[in-house]
>>> print(open('entry_7.pdb').read())   # PDB, C-alpha atoms
ATOM      1  CA  MET A   1     -29.365  25.586 -18.537
ATOM      2  CA  GLU A   2     -25.698  26.494 -17.999
ATOM      3  CA  GLU A   3     -26.446  28.396 -14.780
ATOM      4  CA  SER A   4     -28.464  25.616 -13.125
ATOM      5  CA  TRP A   5     -25.485  24.702 -10.919
ATOM      6  CA  SER A   6     -25.830  28.041  -9.085
ATOM      7  CA  LYS A   7     -29.154  26.891  -7.633
ATOM      8  CA  LEU A   8     -27.491  23.979  -5.839
ATOM      9  CA  GLY A   9     -26.449  24.263  -2.208
ATOM     10  CA  LYS A  10     -22.774  23.756  -1.365
ATOM     11  CA  GLU A  11     -23.285  20.203  -0.096
ATOM     12  CA  GLU A  12     -25.156  19.118  -3.224
ATOM     13  CA  LEU A  13     -22.688  20.924  -5.498
ATOM     14  CA  GLU A  14     -19.800  19.057  -3.897
ATOM     15  CA  HIS A  15     -21.740  15.802  -4.244
ATOM     16  CA  GLN A  16     -22.304  16.491  -7.946
ATOM     17  CA  TYR A  17     -18.611  17.205  -8.494
ATOM     18  CA  SER A  18     -17.425  14.109  -6.596
ATOM     19  CA  PRO A  19     -17.342  11.465  -9.358
ATOM     20  CA  SER A  20     -16.579   8.603  -6.959
ATOM     21  CA  HIS A  21     -19.986   9.150  -5.282
ATOM     22  CA  TRP A  22     -21.784   8.100  -8.459
ATOM     23  CA  SER A  23     -20.235   4.756  -9.387
ATOM     24  CA  HIS A  24     -22.716   1.918  -9.706
ATOM     25  CA  ARG A  25     -19.972  -0.708  -9.293
ATOM     26  CA  MET A  26     -18.317  -0.066  -5.920
ATOM     27  CA  ASP A  27     -17.972   2.433  -3.093
ATOM     28  CA  ARG A  28     -16.118   5.725  -3.442
ATOM     29  CA  ASP A  29     -12.761   4.618  -2.025
ATOM     30  CA  ALA A  30     -12.748   1.278  -3.831
ATOM     31  CA  VAL A  31     -13.553   2.782  -7.223
ATOM     32  CA  ILE A  32     -10.610   5.208  -7.024
ATOM     33  CA  GLU A  33      -8.231   2.457  -5.902
ATOM     34  CA  ALA A  34      -9.454   0.224  -8.732
ATOM     35  CA  HIS A  35      -9.080   3.098 -11.209
ATOM     36  CA  VAL A  36      -5.423   3.670 -10.363
ATOM     37  CA  ARG A  37      -4.711  -0.059 -10.390
ATOM     38  CA  GLU A  38      -6.396  -0.631 -13.773
ATOM     39  CA  MET A  39      -4.566   2.267 -15.427
ATOM     40  CA  THR A  40      -1.203   1.308 -13.911
ATOM     41  CA  GLU A  41      -1.513  -2.308 -15.044
ATOM     42  CA  GLY A  42      -2.639  -1.199 -18.501
ATOM     43  CA  THR A  43       0.345   1.145 -18.776
ATOM     44  CA  GLU A  44       2.702  -1.713 -17.895
ATOM     45  CA  VAL A  45       1.152  -3.793 -20.698
ATOM     46  CA  SER A  46       1.619  -0.922 -23.158
ATOM     47  CA  ARG A  47       5.236  -0.402 -22.142
ATOM     48  CA  ALA A  48       5.935  -4.070 -22.704
ATOM     49  CA  ALA A  49       4.301  -3.934 -26.148
ATOM     50  CA  ALA A  50       5.887  -0.731 -27.458
ATOM     51  CA  ARG A  51       9.145   0.852 -28.386
ATOM     52  CA  THR A  52       9.175   3.556 -25.728
ATOM     53  CA  ALA A  53      10.983   6.838 -25.300
ATOM     54  CA  LEU A  54      10.389   7.871 -21.695
ATOM     55  CA  ASP A  55      10.925  11.100 -19.765
ATOM     56  CA  ILE A  56      11.614  13.270 -22.802
ATOM     57  CA  PRO A  57      11.800  16.921 -21.689
ATOM     58  CA  TYR A  58       9.384  19.354 -23.308
ATOM     59  CA  GLY A  59      10.315  22.281 -21.055
ATOM     60  CA  ASP A  60      12.696  23.386 -18.335
ATOM     61  CA  SER A  61      10.730  22.227 -15.289
ATOM     62  CA  ASP A  62      11.525  18.826 -13.768
ATOM     63  CA  SER A  63       7.890  17.836 -14.251
ATOM     64  CA  GLU A  64       7.785  18.833 -17.933
ATOM     65  CA  ARG A  65       8.401  15.349 -19.293
ATOM     66  CA  MET A  66       6.587  13.188 -21.812
ATOM     67  CA  ASP A  67       6.526   9.490 -22.688
ATOM     68  CA  LEU A  68       6.225   8.160 -26.231
ATOM     69  CA  TYR A  69       4.841   4.760 -27.200
ATOM     70  CA  LEU A  70       5.940   4.022 -30.752
ATOM     71  CA  PRO A  71       4.676   1.358 -33.161
ATOM     72  CA  ASP A  72       6.998  -1.276 -34.610
ATOM     73  CA  GLY A  73       9.202  -0.419 -37.539
ATOM     74  CA  GLU A  74      10.685   2.921 -38.453
ATOM     75  CA  PRO A  75       7.940   4.745 -40.343
ATOM     76  CA  THR A  76       8.592   8.287 -41.397
ATOM     77  CA  LYS A  77       4.954   9.170 -40.862
ATOM     78  CA  PHE A  78       2.517   7.906 -38.247
ATOM     79  CA  PRO A  79      -0.538   9.370 -36.560
ATOM     80  CA  ILE A  80      -0.005  10.444 -32.957
ATOM     81  CA  LEU A  81      -2.611  10.237 -30.213
ATOM     82  CA  VAL A  82      -1.889  12.598 -27.314
ATOM     83  CA  TYR A  83      -3.555  11.557 -24.058
ATOM     84  CA  VAL A  84      -4.010  14.001 -21.167
ATOM     85  CA  HIS A  85      -4.694  12.396 -17.791
ATOM     86  CA  GLY A  86      -7.352  13.457 -15.315
ATOM     87  CA  GLY A  87      -7.209  13.524 -11.529
ATOM     88  CA  TYR A  88      -8.959  16.866 -10.870
ATOM     89  CA  TRP A  89      -5.773  18.769 -11.780
ATOM     90  CA  GLN A  90      -4.094  17.475  -8.578
ATOM     91  CA  PHE A  91      -3.624  13.720  -8.912
ATOM     92  CA  LEU A  92      -2.219  11.060 -11.297
ATOM     93  CA  SER A  93       0.678  11.287 -13.743
ATOM     94  CA  LYS A  94       2.033   9.889 -16.993
ATOM     95  CA  GLU A  95       3.137   6.786 -15.091
ATOM     96  CA  GLU A  96      -0.493   5.537 -15.110
ATOM     97  CA  SER A  97      -1.485   7.077 -18.424
ATOM     98  CA  GLY A  98      -0.205   4.860 -21.234
ATOM     99  CA  PHE A  99      -2.905   2.209 -20.858
ATOM    100  CA  MET A 100      -4.636   2.974 -24.169
ATOM    101  CA  ALA A 101      -1.476   2.521 -26.251
ATOM    102  CA  ALA A 102      -1.513  -1.293 -26.487
ATOM    103  CA  PRO A 103      -4.587  -1.589 -28.785
ATOM    104  CA  LEU A 104      -3.465   1.356 -30.946
ATOM    105  CA  LEU A 105       0.151   0.334 -31.590
ATOM    106  CA  PRO A 106      -0.670  -2.605 -33.919
ATOM    107  CA  HIS A 107      -2.493  -0.116 -36.159
ATOM    108  CA  GLY A 108       0.651   1.994 -36.535
ATOM    109  CA  ILE A 109      -0.511   4.712 -34.133
ATOM    110  CA  ALA A 110       1.939   6.346 -31.713
ATOM    111  CA  VAL A 111       0.820   7.601 -28.294
ATOM    112  CA  MET A 112       2.210  10.472 -26.238
ATOM    113  CA  VAL A 113       1.391  11.116 -22.575
ATOM    114  CA  MET A 114       2.803  13.914 -20.460
ATOM    115  CA  ASP A 115       3.221  15.163 -16.932
ATOM    116  CA  TYR A 116       2.150  18.664 -16.000
ATOM    117  CA  ASP A 117       2.465  20.551 -12.713
ATOM    118  CA  ILE A 118      -0.582  19.399 -10.774
ATOM    119  CA  ALA A 119      -1.962  21.547  -7.951
ATOM    120  CA  PRO A 120      -0.997  22.895  -5.513
ATOM    121  CA  LYS A 121       2.396  23.252  -7.244
ATOM    122  CA  GLY A 122       0.796  24.148 -10.549
ATOM    123  CA  ASN A 123      -1.988  26.608 -11.257
ATOM    124  CA  MET A 124      -4.579  26.468 -14.018
ATOM    125  CA  ASP A 125      -2.811  28.897 -16.367
ATOM    126  CA  LEU A 126       0.401  26.889 -16.080
ATOM    127  CA  MET A 127      -1.245  23.507 -16.665
ATOM    128  CA  VAL A 128      -3.016  24.730 -19.797
ATOM    129  CA  ALA A 129       0.257  26.151 -21.136
ATOM    130  CA  GLN A 130       2.215  22.989 -20.297
ATOM    131  CA  VAL A 131      -0.160  20.699 -22.184
ATOM    132  CA  ARG A 132       0.069  22.978 -25.203
ATOM    133  CA  ARG A 133       3.876  23.078 -24.945
ATOM    134  CA  SER A 134       4.087  19.290 -24.798
ATOM    135  CA  ILE A 135       2.047  19.006 -27.996
ATOM    136  CA  ALA A 136       4.251  21.601 -29.686
ATOM    137  CA  ALA A 137       7.304  19.572 -28.612
ATOM    138  CA  VAL A 138       6.021  16.318 -30.113
ATOM    139  CA  LEU A 139       5.179  18.174 -33.330
ATOM    140  CA  ARG A 140       8.793  19.349 -33.528
ATOM    141  CA  LEU A 141      10.031  15.796 -32.890
ATOM    142  CA  TYR A 142       7.817  14.339 -35.617
ATOM    143  CA  PRO A 143       7.112  17.089 -38.165
ATOM    144  CA  GLN A 144       6.183  14.477 -40.782
ATOM    145  CA  ASN A 145       3.439  12.949 -38.612
ATOM    146  CA  ALA A 146       0.253  11.655 -40.251
ATOM    147  CA  GLY A 147      -1.985  13.754 -38.011
ATOM    148  CA  VAL A 148      -2.308  14.596 -34.337
ATOM    149  CA  TYR A 149      -5.320  13.447 -32.332
ATOM    150  CA  LEU A 150      -6.128  14.344 -28.735
ATOM    151  CA  CYS A 151      -7.875  12.470 -25.951
ATOM    152  CA  GLY A 152      -8.444  13.576 -22.369
ATOM    153  CA  HIS A 153     -10.365  12.324 -19.381
ATOM    154  CA  SER A 154     -12.115  14.455 -16.737
ATOM    155  CA  ALA A 155      -9.665  17.280 -15.910
ATOM    156  CA  GLY A 156      -7.655  16.053 -18.896
ATOM    157  CA  ALA A 157     -10.689  16.555 -21.139
ATOM    158  CA  HIS A 158     -10.814  20.137 -19.876
ATOM    159  CA  LEU A 159      -7.129  20.625 -20.746
ATOM    160  CA  VAL A 160      -7.636  19.123 -24.213
ATOM    161  CA  ALA A 161     -10.612  21.406 -24.802
ATOM    162  CA  MET A 162      -8.438  24.395 -23.850
ATOM    163  CA  THR A 163      -5.807  23.144 -26.291
ATOM    164  CA  LEU A 164      -8.371  23.217 -29.106
ATOM    165  CA  CYS A 165      -8.589  26.995 -28.783
ATOM    166  CA  ALA A 166      -4.810  27.570 -28.621
ATOM    167  CA  ASP A 167      -3.041  30.115 -30.803
ATOM    168  CA  TRP A 168      -0.264  27.835 -32.014
ATOM    169  CA  MET A 169       1.781  30.744 -33.354
ATOM    170  CA  GLU A 170       2.594  31.490 -29.701
ATOM    171  CA  TYR A 171       4.235  28.053 -29.511
ATOM    172  CA  GLY A 172       6.102  28.331 -32.798
ATOM    173  CA  VAL A 173       4.360  25.468 -34.580
ATOM    174  CA  THR A 174       1.553  24.783 -37.001
ATOM    175  CA  ALA A 175      -0.721  22.223 -35.364
ATOM    176  CA  ASP A 176      -3.084  20.338 -37.606
ATOM    177  CA  ILE A 177      -5.215  18.710 -34.895
ATOM    178  CA  LYS A 178      -7.421  16.271 -36.782
ATOM    179  CA  GLY A 179      -9.554  14.932 -33.955
ATOM    180  CA  ALA A 180     -10.265  15.117 -30.232
ATOM    181  CA  VAL A 181     -12.112  12.767 -27.891
ATOM    182  CA  LEU A 182     -13.172  14.445 -24.647
ATOM    183  CA  VAL A 183     -14.293  11.960 -22.002
ATOM    184  CA  SER A 184     -16.352  12.936 -18.914
ATOM    185  CA  GLY A 185     -14.912  16.416 -18.842
ATOM    186  CA  VAL A 186     -15.451  19.748 -17.095
ATOM    187  CA  TYR A 187     -15.913  22.602 -19.546
ATOM    188  CA  ASP A 188     -17.103  25.407 -17.242
ATOM    189  CA  LEU A 189     -14.856  25.955 -14.213
ATOM    190  CA  GLN A 190     -17.184  28.362 -12.414
ATOM    191  CA  PRO A 191     -18.920  25.677 -10.310
ATOM    192  CA  ILE A 192     -15.523  24.253  -9.333
ATOM    193  CA  ILE A 193     -14.674  27.466  -7.484
ATOM    194  CA  HIS A 194     -17.409  26.680  -4.967
ATOM    195  CA  THR A 195     -16.262  23.112  -4.203
ATOM    196  CA  TYR A 196     -13.474  21.387  -2.288
ATOM    197  CA  VAL A 197     -11.631  20.928  -5.611
ATOM    198  CA  ASN A 198     -10.631  24.595  -5.522
ATOM    199  CA  ASP A 199      -8.886  24.218  -2.147
ATOM    200  CA  ALA A 200      -5.742  23.136  -3.985
ATOM    201  CA  LEU A 201      -6.348  25.079  -7.216
ATOM    202  CA  GLN A 202      -7.110  28.461  -5.588
ATOM    203  CA  MET A 203      -8.796  29.758  -8.734
ATOM    204  CA  SER A 204     -10.311  33.198  -8.833
ATOM    205  CA  LEU A 205     -13.424  33.828 -10.930
ATOM    206  CA  GLU A 206     -11.234  35.596 -13.498
ATOM    207  CA  VAL A 207      -8.922  32.581 -13.820
ATOM    208  CA  ALA A 208     -11.886  30.178 -13.993
ATOM    209  CA  LEU A 209     -13.565  32.130 -16.784
ATOM    210  CA  LYS A 210     -10.310  32.540 -18.730
ATOM    211  CA  ASN A 211      -9.734  28.787 -18.599
ATOM    212  CA  SER A 212     -13.282  27.587 -19.258
ATOM    213  CA  PRO A 213     -13.626  25.951 -22.687
ATOM    214  CA  VAL A 214     -17.246  27.118 -22.996
ATOM    215  CA  GLN A 215     -15.913  30.687 -22.888
ATOM    216  CA  CYS A 216     -13.368  29.975 -25.657
ATOM    217  CA  VAL A 217     -15.578  28.384 -28.322
ATOM    218  CA  GLY A 218     -15.440  31.557 -30.399
ATOM    219  CA  GLN A 219     -11.656  31.221 -30.651
ATOM    220  CA  MET A 220     -11.918  27.793 -32.288
ATOM    221  CA  LYS A 221     -11.698  27.710 -36.047
ATOM    222  CA  PRO A 222     -14.064  25.360 -37.885
ATOM    223  CA  GLY A 223     -11.722  23.103 -39.782
ATOM    224  CA  ASN A 224     -10.930  19.443 -40.226
ATOM    225  CA  CYS A 225     -10.865  18.637 -36.500
ATOM    226  CA  ARG A 226     -13.579  16.203 -35.452
ATOM    227  CA  VAL A 227     -14.593  16.522 -31.803
ATOM    228  CA  VAL A 228     -16.310  13.787 -29.814
ATOM    229  CA  ILE A 229     -17.851  14.560 -26.418
ATOM    230  CA  ALA A 230     -18.281  11.318 -24.454
ATOM    231  CA  VAL A 231     -20.075  10.935 -21.130
ATOM    232  CA  ALA A 232     -20.697   7.946 -18.863
ATOM    233  CA  GLU A 233     -24.165   6.680 -18.001
ATOM    234  CA  HIS A 234     -23.204   6.900 -14.328
ATOM    235  CA  ASP A 235     -21.529  10.292 -14.437
ATOM    236  CA  SER A 236     -23.287  12.769 -12.160
ATOM    237  CA  PRO A 237     -26.073  14.971 -13.579
ATOM    238  CA  GLU A 238     -23.706  17.967 -13.435
ATOM    239  CA  PHE A 239     -21.001  16.180 -15.435
ATOM    240  CA  ARG A 240     -23.587  15.147 -17.999
ATOM    241  CA  ARG A 241     -25.012  18.685 -18.112
ATOM    242  CA  GLN A 242     -21.558  20.148 -18.680
ATOM    243  CA  SER A 243     -20.876  17.718 -21.531
ATOM    244  CA  GLN A 244     -24.233  18.407 -23.170
ATOM    245  CA  HIS A 245     -23.842  22.177 -22.853
ATOM    246  CA  TYR A 246     -20.331  22.144 -24.349
ATOM    247  CA  PHE A 247     -21.520  19.904 -27.166
ATOM    248  CA  GLN A 248     -24.371  22.295 -27.975
ATOM    249  CA  SER A 249     -21.982  25.277 -27.878
ATOM    250  CA  LEU A 250     -19.587  23.636 -30.352
ATOM    251  CA  LYS A 251     -22.441  22.536 -32.605
ATOM    252  CA  ALA A 252     -23.921  26.040 -32.660
ATOM    253  CA  SER A 253     -20.524  27.371 -33.758
ATOM    254  CA  GLY A 254     -20.460  25.122 -36.791
ATOM    255  CA  LEU A 255     -17.784  22.744 -35.547
ATOM    256  CA  SER A 256     -17.756  19.045 -36.434
ATOM    257  CA  VAL A 257     -18.863  17.535 -33.121
ATOM    258  CA  SER A 258     -20.715  14.456 -31.931
ATOM    259  CA  TYR A 259     -22.023  13.335 -28.558
ATOM    260  CA  VAL A 260     -21.613   9.796 -27.223
ATOM    261  CA  HIS A 261     -23.399   8.427 -24.157
ATOM    262  CA  VAL A 262     -21.580   5.263 -23.030
ATOM    263  CA  ASP A 263     -24.036   2.879 -21.404
ATOM    264  CA  GLY A 264     -23.048   0.815 -18.395
ATOM    265  CA  THR A 265     -20.007   2.918 -17.466
ATOM    266  CA  ASP A 266     -19.127   5.298 -14.652
ATOM    267  CA  HIS A 267     -16.675   8.196 -14.521
ATOM    268  CA  PHE A 268     -13.752   5.802 -14.149
ATOM    269  CA  ASP A 269     -14.225   2.710 -16.280
ATOM    270  CA  ILE A 270     -15.384   4.849 -19.220
ATOM    271  CA  ILE A 271     -11.682   5.662 -19.716
ATOM    272  CA  GLU A 272     -10.077   2.532 -18.227
ATOM    273  CA  LYS A 273     -11.639   0.404 -20.965
ATOM    274  CA  LEU A 274      -9.524   2.129 -23.618
ATOM    275  CA  SER A 275      -7.033  -0.647 -22.862
ATOM    276  CA  GLN A 276      -9.451  -2.964 -24.751
ATOM    277  CA  GLU A 277      -9.487  -2.885 -28.547
ATOM    278  CA  GLU A 278     -13.148  -3.962 -28.799
ATOM    279  CA  TYR A 279     -14.354  -1.156 -26.485
ATOM    280  CA  VAL A 280     -16.698   1.354 -28.129
ATOM    281  CA  LEU A 281     -14.452   4.394 -27.523
ATOM    282  CA  THR A 282     -11.311   2.541 -28.657
ATOM    283  CA  GLN A 283     -13.130   1.634 -31.854
ATOM    284  CA  LEU A 284     -14.288   5.225 -32.236
ATOM    285  CA  ILE A 285     -10.699   6.497 -31.901
ATOM    286  CA  LEU A 286      -9.400   3.894 -34.346
ATOM    287  CA  LYS A 287     -12.079   4.768 -36.912
ATOM    288  CA  MET A 288     -11.465   8.507 -36.476
ATOM    289  CA  ILE A 289      -7.745   8.034 -37.172
ATOM    290  CA  MET A 290      -7.867   5.319 -39.832
ATOM    291  CA  ASP A 291     -10.554   7.157 -41.836
ATOM    292  CA  GLN A 292      -8.199  10.120 -42.247
ATOM    293  CA  LEU A 293      -5.064   8.235 -43.277
TER     294      LEU A 293
END
>>> encode(input="entry_7.pdb", output="structure tokens")
Amino acid sequence: MEESWSKLGKEELEHQYSPSHWSHRMDRDAVIEAHVREMTEGTEVSRAAARTALDIPYGDSDSERMDLYLPDGEPTKFPILVYVHGGYWQFLSKEESGFMAAPLLPHGIAVMVMDYDIAPKGNMDLMVAQVRRSIAAVLRLYPQNAGVYLCGHSAGAHLVAMTLCADWMEYGVTADIKGAVLVSGVYDLQPIIHTYVNDALQMSLEVALKNSPVQCVGQMKPGNCRVVIAVAEHDSPEFRRQSQHYFQSLKASGLSVSYVHVDGTDHFDIIEKLSQEEYVLTQLILKMIMDQL
């Protein structure tokens, strides 16, 4: 099953890994423009609703900055949702990535979003390390937190999945990650090498294997972390295959994992709708967090 991508010709492989080709709502250019607009507007709403702490450094690089959306009051303990943006490791930023904070803030949940060095400036090893460093930084800022939860979309889901197999001793913290929601992600980077996406990334096979979550499942420790793999009805067959294969790999390793197929969504609005409290994935995140408080 996991090697079925190798039977596809280059043109079909690139088609499968072009999410904008598969939207049922609008054409490929329009859906990307709408995606950026929806997330930007949602982030503006969240910033207006929250106490924010913006552009906090988590490292020495100019791009190593994070934004915090904090609930009202001055609690000593609150759960923190860390969101990692997508954009095929070469697009988007934290400036469009706070859109899911507005429905979470009234429930006392803080949200952190970060920038990382997207390609071609950044390479895959660096991006993985930066996301982990940003999480370590927020843990140091709020050591009395009520649990850390992760969410990532597309390339961001890949980076979250890589974070789940981190050795946190390398980052000088103890990370009790209680839950992760991975939305329309890529969990095996081997097919990416053979597509236009790698023009900017310049990954070798060695780098792709090292940074493929499906190769790192054995490093994950079965614990209290609940993992949700979510996929859109109108994701491409390859995106759905990747999600299903990663789900099966985690399940076979004894991890607490569930699989959610979100009807009526494509690769883009499956994440955009997290700005809405009644949305199925927003409710899933709220239940995951509130059940563990």
>>> residues_around(input="entry_7.pdb", residues="region 157-169 of chain A", least_positions_apart="6", cutoff="7 Å", atoms="only C-alpha atoms", output="PyMOL selection string")
chain A and resi 84+128+132+150-151+175+182-183+185-187+211+213+216+219-220
>>> write_last_selection(input="entry_7.pdb", atoms="C-alpha atoms", output="mmCIF file, in the coordinates of the input")
data_model
loop_
_atom_site.group_PDB
_atom_site.id
_atom_site.type_symbol
_atom_site.label_atom_id
_atom_site.label_comp_id
_atom_site.auth_asym_id
_atom_site.auth_seq_id
_atom_site.Cartn_x
_atom_site.Cartn_y
_atom_site.Cartn_z
ATOM 1 C CA VAL A 84 -4.010 14.001 -21.167
ATOM 2 C CA VAL A 128 -3.016 24.730 -19.797
ATOM 3 C CA ARG A 132 0.069 22.978 -25.203
ATOM 4 C CA LEU A 150 -6.128 14.344 -28.735
ATOM 5 C CA CYS A 151 -7.875 12.470 -25.951
ATOM 6 C CA ALA A 175 -0.721 22.223 -35.364
ATOM 7 C CA LEU A 182 -13.172 14.445 -24.647
ATOM 8 C CA VAL A 183 -14.293 11.960 -22.002
ATOM 9 C CA GLY A 185 -14.912 16.416 -18.842
ATOM 10 C CA VAL A 186 -15.451 19.748 -17.095
ATOM 11 C CA TYR A 187 -15.913 22.602 -19.546
ATOM 12 C CA ASN A 211 -9.734 28.787 -18.599
ATOM 13 C CA PRO A 213 -13.626 25.951 -22.687
ATOM 14 C CA CYS A 216 -13.368 29.975 -25.657
ATOM 15 C CA GLN A 219 -11.656 31.221 -30.651
ATOM 16 C CA MET A 220 -11.918 27.793 -32.288
#
>>> residues_around(input="entry_7.pdb", residues="His261 (chain A)", least_positions_apart="2", cutoff="6 Å", atoms="all atoms listed in the file", output="PDB file with C-alpha atoms, keeping the file's coordinate frame")
ATOM      1  CA  ALA A 230     -18.281  11.318 -24.454  1.00  0.00           C
ATOM      2  CA  VAL A 231     -20.075  10.935 -21.130  1.00  0.00           C
ATOM      3  CA  ALA A 232     -20.697   7.946 -18.863  1.00  0.00           C
TER       4      ALA A 232
END
>>> closest_residue(input="entry_7.pdb", among="A:Gly152, A:Ile135, A:Asp67, A:Asp199", to="Met112 (chain A)", atoms="only C-alpha atoms")
A:Asp67
>>> closest_residue(input="entry_7.pdb", among="A:Asp263, A:Asp269, A:Val181, A:Ile192", to="Ile229 (chain A)", atoms="all atoms listed in the file")
A:Val181
>>> atom_distance(input="entry_7.pdb", atom1="CA of Val113 (chain A)", atom2="CA of Glu44 (chain A)")
13.7 Å
>>> closest_residue(input="entry_7.pdb", among="A:Val138, A:Leu54, A:Ile177, A:Ala119", to="Ala155 (chain A)", atoms="only C-alpha atoms")
A:Ala119
